[in-house]
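Shown next: final.cif, containing mmCIF, C-alpha atoms.
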```cif
data_data
#
loop_
_atom_site.label_atom_id
_atom_site.label_comp_id
_atom_site.auth_asym_id
_atom_site.auth_seq_id
_atom_site.Cartn_x
_atom_site.Cartn_y
_atom_site.Cartn_z
CA MET Z 1 -190.61 147.15 50.24
CA GLY Z 2 -190.71 150.91 50.62
CA LEU Z 3 -191.42 152.63 53.93
CA THR Z 4 -192.40 156.29 54.06
CA GLY Z 5 -194.23 158.91 56.10
CA GLY Z 6 -194.17 162.62 56.73
CA ILE Z 7 -191.86 164.38 59.15
CA GLY Z 8 -192.82 163.44 62.72
CA SER Z 9 -194.99 160.50 61.64
CA GLY Z 10 -192.95 157.92 63.52
CA LYS Z 11 -191.55 156.32 60.39
CA SER Z 12 -188.09 155.84 61.88
CA THR Z 13 -189.57 154.11 64.92
CA VAL Z 14 -191.47 151.73 62.65
CA ALA Z 15 -188.26 151.09 60.69
CA ARG Z 16 -186.43 150.11 63.88
CA MET Z 17 -189.26 147.79 64.87
CA LEU Z 18 -189.19 146.08 61.47
CA THR Z 19 -185.46 145.44 61.84
CA ASP Z 20 -186.22 143.82 65.21
CA HIS Z 21 -188.38 141.39 63.26
CA GLY Z 22 -185.53 140.59 60.88
CA ALA Z 23 -185.88 143.07 58.02
CA ALA Z 24 -182.79 144.54 56.40
CA LEU Z 25 -183.09 148.33 56.50
CA ILE Z 26 -181.80 150.65 53.79
CA ASP Z 27 -182.03 154.17 55.26
CA ALA Z 28 -182.07 156.67 52.38
CA ASP Z 29 -181.93 159.62 54.78
CA ALA Z 30 -178.81 158.26 56.50
CA ILE Z 31 -177.17 157.68 53.14
CA SER Z 32 -178.06 161.23 52.10
CA ARG Z 33 -176.54 162.64 55.29
CA ALA Z 34 -173.36 160.68 54.65
CA THR Z 35 -173.01 162.20 51.17
CA THR Z 36 -173.19 165.70 52.69
CA ALA Z 37 -170.95 165.03 55.71
CA PRO Z 38 -167.29 166.18 55.71
CA GLY Z 39 -165.59 164.35 52.86
CA GLY Z 40 -168.94 163.14 51.52
CA ALA Z 41 -169.42 162.38 47.84
CA ALA Z 42 -171.74 165.37 47.30
CA ILE Z 43 -169.64 168.09 48.94
CA ALA Z 44 -167.56 169.18 45.96
CA ALA Z 45 -170.58 169.41 43.67
CA ILE Z 46 -172.61 171.35 46.29
CA ALA Z 47 -169.79 173.86 46.75
CA ALA Z 48 -169.46 174.28 42.98
CA GLN Z 49 -173.21 174.75 42.50
CA PHE Z 50 -174.09 176.91 45.50
CA GLY Z 51 -170.85 178.58 46.57
CA PRO Z 52 -168.63 178.37 49.66
CA ASP Z 53 -171.32 179.45 52.13
CA ALA Z 54 -173.14 176.19 51.38
CA ILE Z 55 -170.34 174.37 53.23
CA ASP Z 56 -169.80 174.82 56.95
CA ALA Z 57 -166.53 175.22 58.88
CA TYR Z 58 -166.24 171.44 59.31
CA GLY Z 59 -166.52 170.69 55.60
CA ALA Z 60 -170.11 169.44 55.70
CA MET Z 61 -173.07 170.90 53.87
CA ASN Z 62 -174.38 173.87 55.84
CA ARG Z 63 -177.87 172.57 56.53
CA ASP Z 64 -179.28 175.83 57.87
CA VAL Z 65 -178.15 177.73 54.77
CA MET Z 66 -179.34 175.09 52.32
CA ARG Z 67 -182.65 174.54 54.12
CA GLN Z 68 -183.45 178.23 53.69
CA ARG Z 69 -182.38 178.20 50.05
CA VAL Z 70 -184.60 175.28 49.08
CA PHE Z 71 -187.52 176.82 50.99
CA ASP Z 72 -187.10 180.08 49.11
CA ASP Z 73 -186.17 178.77 45.66
CA PRO Z 74 -187.70 175.66 44.01
CA THR Z 75 -184.87 175.71 41.45
CA ALA Z 76 -182.28 175.38 44.21
CA LYS Z 77 -184.21 172.41 45.60
CA LYS Z 78 -184.10 170.67 42.22
CA GLN Z 79 -180.39 171.44 41.79
CA LEU Z 80 -179.58 169.99 45.21
CA GLU Z 81 -181.67 166.89 44.55
CA ALA Z 82 -179.93 166.39 41.20
CA ILE Z 83 -176.62 166.19 43.06
CA ILE Z 84 -177.67 164.02 46.00
CA HIS Z 85 -180.33 161.65 44.67
CA PRO Z 86 -178.18 159.69 42.18
CA LEU Z 87 -175.57 159.13 44.90
CA VAL Z 88 -178.23 157.91 47.33
CA SER Z 89 -179.78 155.61 44.72
CA HIS Z 90 -176.43 154.02 43.88
CA GLU Z 91 -175.52 153.36 47.53
CA ALA Z 92 -179.02 152.09 48.37
CA SER Z 93 -178.83 149.60 45.51
CA ARG Z 94 -175.42 148.45 46.69
CA GLN Z 95 -176.66 147.91 50.25
CA ALA Z 96 -179.79 146.10 49.08
CA GLU Z 97 -177.79 143.71 46.94
CA ALA Z 98 -175.47 143.00 49.86
CA ALA Z 99 -178.50 142.22 52.05
CA ARG Z 100 -179.91 139.83 49.46
CA GLN Z 101 -176.55 138.12 49.07
CA ALA Z 102 -176.53 137.66 52.83
CA GLY Z 103 -179.86 135.85 52.60
CA ARG Z 104 -182.17 138.52 54.04
CA ARG Z 105 -185.74 137.74 53.04
CA CYS Z 106 -187.09 141.28 53.24
CA VAL Z 107 -185.34 144.53 52.39
CA VAL Z 108 -187.06 147.70 53.62
CA PHE Z 109 -186.16 150.98 51.94
CA ASP Z 110 -186.81 153.84 54.40
CA ILE Z 111 -187.44 156.75 52.01
CA PRO Z 112 -188.88 160.05 53.31
CA LEU Z 113 -189.71 161.34 49.81
CA LEU Z 114 -190.83 158.04 48.29
CA VAL Z 115 -194.19 159.32 47.05
CA GLU Z 116 -192.59 162.42 45.55
CA SER Z 117 -190.21 160.26 43.48
CA ALA Z 118 -191.58 158.11 40.68
CA ARG Z 119 -188.12 156.59 40.36
CA TRP Z 120 -188.32 155.00 43.80
CA GLN Z 121 -191.87 153.72 43.36
CA GLN Z 122 -190.88 151.85 40.21
CA GLN Z 123 -188.22 149.90 42.13
CA LEU Z 124 -190.47 148.67 44.97
CA ASP Z 125 -192.96 145.84 45.14
CA LYS Z 126 -194.95 147.20 48.10
CA VAL Z 127 -195.27 150.52 49.95
CA LEU Z 128 -195.95 150.92 53.67
CA VAL Z 129 -197.01 154.39 54.86
CA VAL Z 130 -196.89 155.61 58.46
CA ASP Z 131 -199.65 158.19 58.86
CA CYS Z 132 -200.76 160.64 61.55
CA GLU Z 133 -202.48 164.00 61.93
CA GLU Z 134 -200.53 167.11 60.91
CA ALA Z 135 -200.91 168.58 64.41
CA THR Z 136 -199.27 165.45 65.79
CA GLN Z 137 -196.38 165.78 63.34
CA ILE Z 138 -195.72 169.36 64.44
CA SER Z 139 -195.95 168.54 68.14
CA ARG Z 140 -193.58 165.57 67.85
CA VAL Z 141 -190.92 167.43 65.90
CA MET Z 142 -190.96 170.45 68.20
CA THR Z 143 -190.73 168.19 71.28
CA ARG Z 144 -188.00 166.03 69.76
CA GLU Z 145 -185.81 168.92 68.65
CA SER Z 146 -186.24 170.75 71.93
CA THR Z 147 -185.27 167.63 73.88
CA GLU Z 148 -182.33 166.60 71.71
CA HIS Z 149 -180.91 169.92 70.53
CA GLY Z 150 -182.41 172.73 72.55
CA ASN Z 151 -183.16 175.60 70.17
CA SER Z 152 -179.94 175.23 68.17
CA LYS Z 153 -181.57 173.88 65.00
CA GLY Z 154 -184.20 176.57 64.74
CA TRP Z 155 -187.12 174.17 64.29
CA THR Z 156 -189.97 176.59 64.86
CA ARG Z 157 -193.57 175.73 64.05
CA ASP Z 158 -193.25 177.80 60.88
CA ALA Z 159 -190.19 175.84 59.74
CA ILE Z 160 -191.92 172.51 60.36
CA GLU Z 161 -195.03 173.64 58.51
CA LYS Z 162 -192.86 174.61 55.53
CA VAL Z 163 -191.35 171.13 55.48
CA ILE Z 164 -194.81 169.55 55.62
CA ALA Z 165 -195.99 171.80 52.78
CA GLN Z 166 -193.09 170.65 50.59
CA GLN Z 167 -193.76 166.98 51.23
CA ALA Z 168 -196.53 164.90 49.69
CA SER Z 169 -199.88 165.31 51.40
CA ARG Z 170 -201.28 162.64 53.69
CA ALA Z 171 -203.87 161.80 51.03
CA GLN Z 172 -201.17 161.39 48.38
CA ARG Z 173 -199.15 159.07 50.60
CA ARG Z 174 -202.17 156.95 51.48
CA ALA Z 175 -203.13 156.72 47.80
CA ALA Z 176 -199.67 155.31 47.01
CA ALA Z 177 -199.75 152.83 49.90
CA ASP Z 178 -200.33 149.11 49.86
CA TRP Z 179 -200.47 149.20 53.67
CA VAL Z 180 -200.97 152.03 56.17
CA ILE Z 181 -199.98 152.13 59.84
CA TYR Z 182 -201.85 154.88 61.71
CA ASN Z 183 -199.62 156.31 64.42
CA ASP Z 184 -201.39 159.26 65.97
CA GLY Z 185 -201.09 158.32 69.64
CA ALA Z 186 -198.22 158.18 72.08
CA ASP Z 187 -198.69 154.47 72.86
CA LEU Z 188 -195.70 152.55 71.54
CA THR Z 189 -197.38 149.28 72.54
CA ASP Z 190 -200.15 149.85 70.01
CA LEU Z 191 -197.59 150.80 67.36
CA ALA Z 192 -195.54 147.67 68.11
CA GLU Z 193 -198.66 145.52 67.73
CA GLN Z 194 -199.40 147.05 64.34
CA VAL Z 195 -195.82 146.47 63.22
CA GLN Z 196 -195.93 142.87 64.45
CA LYS Z 197 -199.02 142.26 62.33
CA MET Z 198 -197.29 143.88 59.38
CA ALA Z 199 -194.24 141.66 59.90
CA GLY Z 200 -196.53 138.65 59.59
CA ARG Z 201 -197.94 139.93 56.32
CA ILE Z 202 -194.47 140.33 54.81
CA THR Z 203 -193.32 136.98 56.23
CA LEU Z 204 -190.55 138.27 58.47
#
```

Using structure tokens, write down the structure from this file.
Amino acid sequence: MGLTGGIGSGKSTVARMLTDHGAALIDADAISRATTAPGGAAIAAIAAQFGPDAIDAYGAMNRDVMRQRVFDDPTAKKQLEAIIHPLVSHEASRQAEAARQAGRRCVVFDIPLLVESARWQQQLDKVLVVDCEEATQISRVMTRESTEHGNSKGWTRDAIEKVIAQQASRAQRRAAADWVIYNDGADLTDLAEQVQKMAGRITL
């Protein structure tokens, strides 16, 4: 099953709740970050494609530099995706097979850009979307980044709105969904109840 939602939707919280019910989680974002960490499988290709300033002093992809590049240049975004996506797909498939071999009944692929990628949709039997209002997305991300990182990551309202603009729209995600969890409030109890019902539907 695929799990997706826009930035700040609460998708990661839903993913954690599903694992509490026994799902095996394949986190595409975590795999992607690993490929661009120091020594990651994507580092050499990123340096070759985008130059030395794309790599930071620790040997990881310079996220601030690359974020600005993909915002400014759609071609750069496609070039970066062409490097990272095949690596993520290969590792996700490996992890999913390991989960099945271990007897896990449900494998959940947490994929931020699921709707934007026809490749992912073809590999999944169901899609669960976590949805909320755009204003809620912006508020959550600004609060989260301020709490966790101060102002070091530069997540201004403008930066968050640019991310939202590059992602699929709420309508597009809902149209691709088999199930939708609406997560616009701050009440985790309500969210947990929705996830518990969903766990029953997918026989966790």

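Reported to one decimal place, the separation of CA of Ala99 (chain Z) from CA of Ala37 (chain Z) is 24.3 Å.
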
Would you mind listing what lies within 7 Å of Met61 (chain Z) as a list in words, with all atoms listed in the file counted and same-chain residues fewer than 2 positions away left out? Thr36, Ala37, Ile43, Ala54, Ile55, Asp56, Gly59 and Arg63 of chain Z

May I have the protein, DNA and RNA residues with any atom at most 10 Å from the point (-198.5, 163.6, 70.3), counting only C-alpha atoms, written as a ChimeraX atom specification? /Z:8-9,132-133,135-141,143,183-187

Dump as a short mmCIF file (atom, residue, chain, number, x, y, z; two decimals), keeping the file's coordinate frame, selection limited to C-alpha atoms:
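So part-v7.cif came out as:
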```cif
data_model
loop_
_atom_site.label_atom_id
_atom_site.label_comp_id
_atom_site.auth_asym_id
_atom_site.auth_seq_id
_atom_site.Cartn_x
_atom_site.Cartn_y
_atom_site.Cartn_z
CA GLY Z 8 -192.82 163.44 62.72
CA SER Z 9 -194.99 160.50 61.64
CA CYS Z 132 -200.76 160.64 61.55
CA GLU Z 133 -202.48 164.00 61.93
CA ALA Z 135 -200.91 168.58 64.41
CA THR Z 136 -199.27 165.45 65.79
CA GLN Z 137 -196.38 165.78 63.34
CA ILE Z 138 -195.72 169.36 64.44
CA SER Z 139 -195.95 168.54 68.14
CA ARG Z 140 -193.58 165.57 67.85
CA VAL Z 141 -190.92 167.43 65.90
CA THR Z 143 -190.73 168.19 71.28
CA ASN Z 183 -199.62 156.31 64.42
CA ASP Z 184 -201.39 159.26 65.97
CA GLY Z 185 -201.09 158.32 69.64
CA ALA Z 186 -198.22 158.18 72.08
CA ASP Z 187 -198.69 154.47 72.86
#
```

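Between CA of Cys106 (chain Z) and CA of Ala192 (chain Z) there is a distance of 18.3 Å.
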
Determine the residue membership of the PyMOL selection byres ((chain Z and resi 113) around 10) for the file above and supply it as a short mmCIF file (atom, residue, chain, number, x, y, z; two decimals) with C-alpha atoms, in the coordinates of the input.
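For reference, selection.cif as written:
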```cif
data_model
loop_
_atom_site.label_atom_id
_atom_site.label_comp_id
_atom_site.auth_asym_id
_atom_site.auth_seq_id
_atom_site.Cartn_x
_atom_site.Cartn_y
_atom_site.Cartn_z
CA LEU Z 3 -191.42 152.63 53.93
CA THR Z 4 -192.40 156.29 54.06
CA GLY Z 5 -194.23 158.91 56.10
CA GLY Z 6 -194.17 162.62 56.73
CA ALA Z 28 -182.07 156.67 52.38
CA ASP Z 29 -181.93 159.62 54.78
CA ASP Z 110 -186.81 153.84 54.40
CA ILE Z 111 -187.44 156.75 52.01
CA PRO Z 112 -188.88 160.05 53.31
CA LEU Z 114 -190.83 158.04 48.29
CA VAL Z 115 -194.19 159.32 47.05
CA GLU Z 116 -192.59 162.42 45.55
CA SER Z 117 -190.21 160.26 43.48
CA ALA Z 118 -191.58 158.11 40.68
CA TRP Z 120 -188.32 155.00 43.80
CA GLN Z 166 -193.09 170.65 50.59
CA GLN Z 167 -193.76 166.98 51.23
CA ALA Z 168 -196.53 164.90 49.69
CA ARG Z 173 -199.15 159.07 50.60
#
```
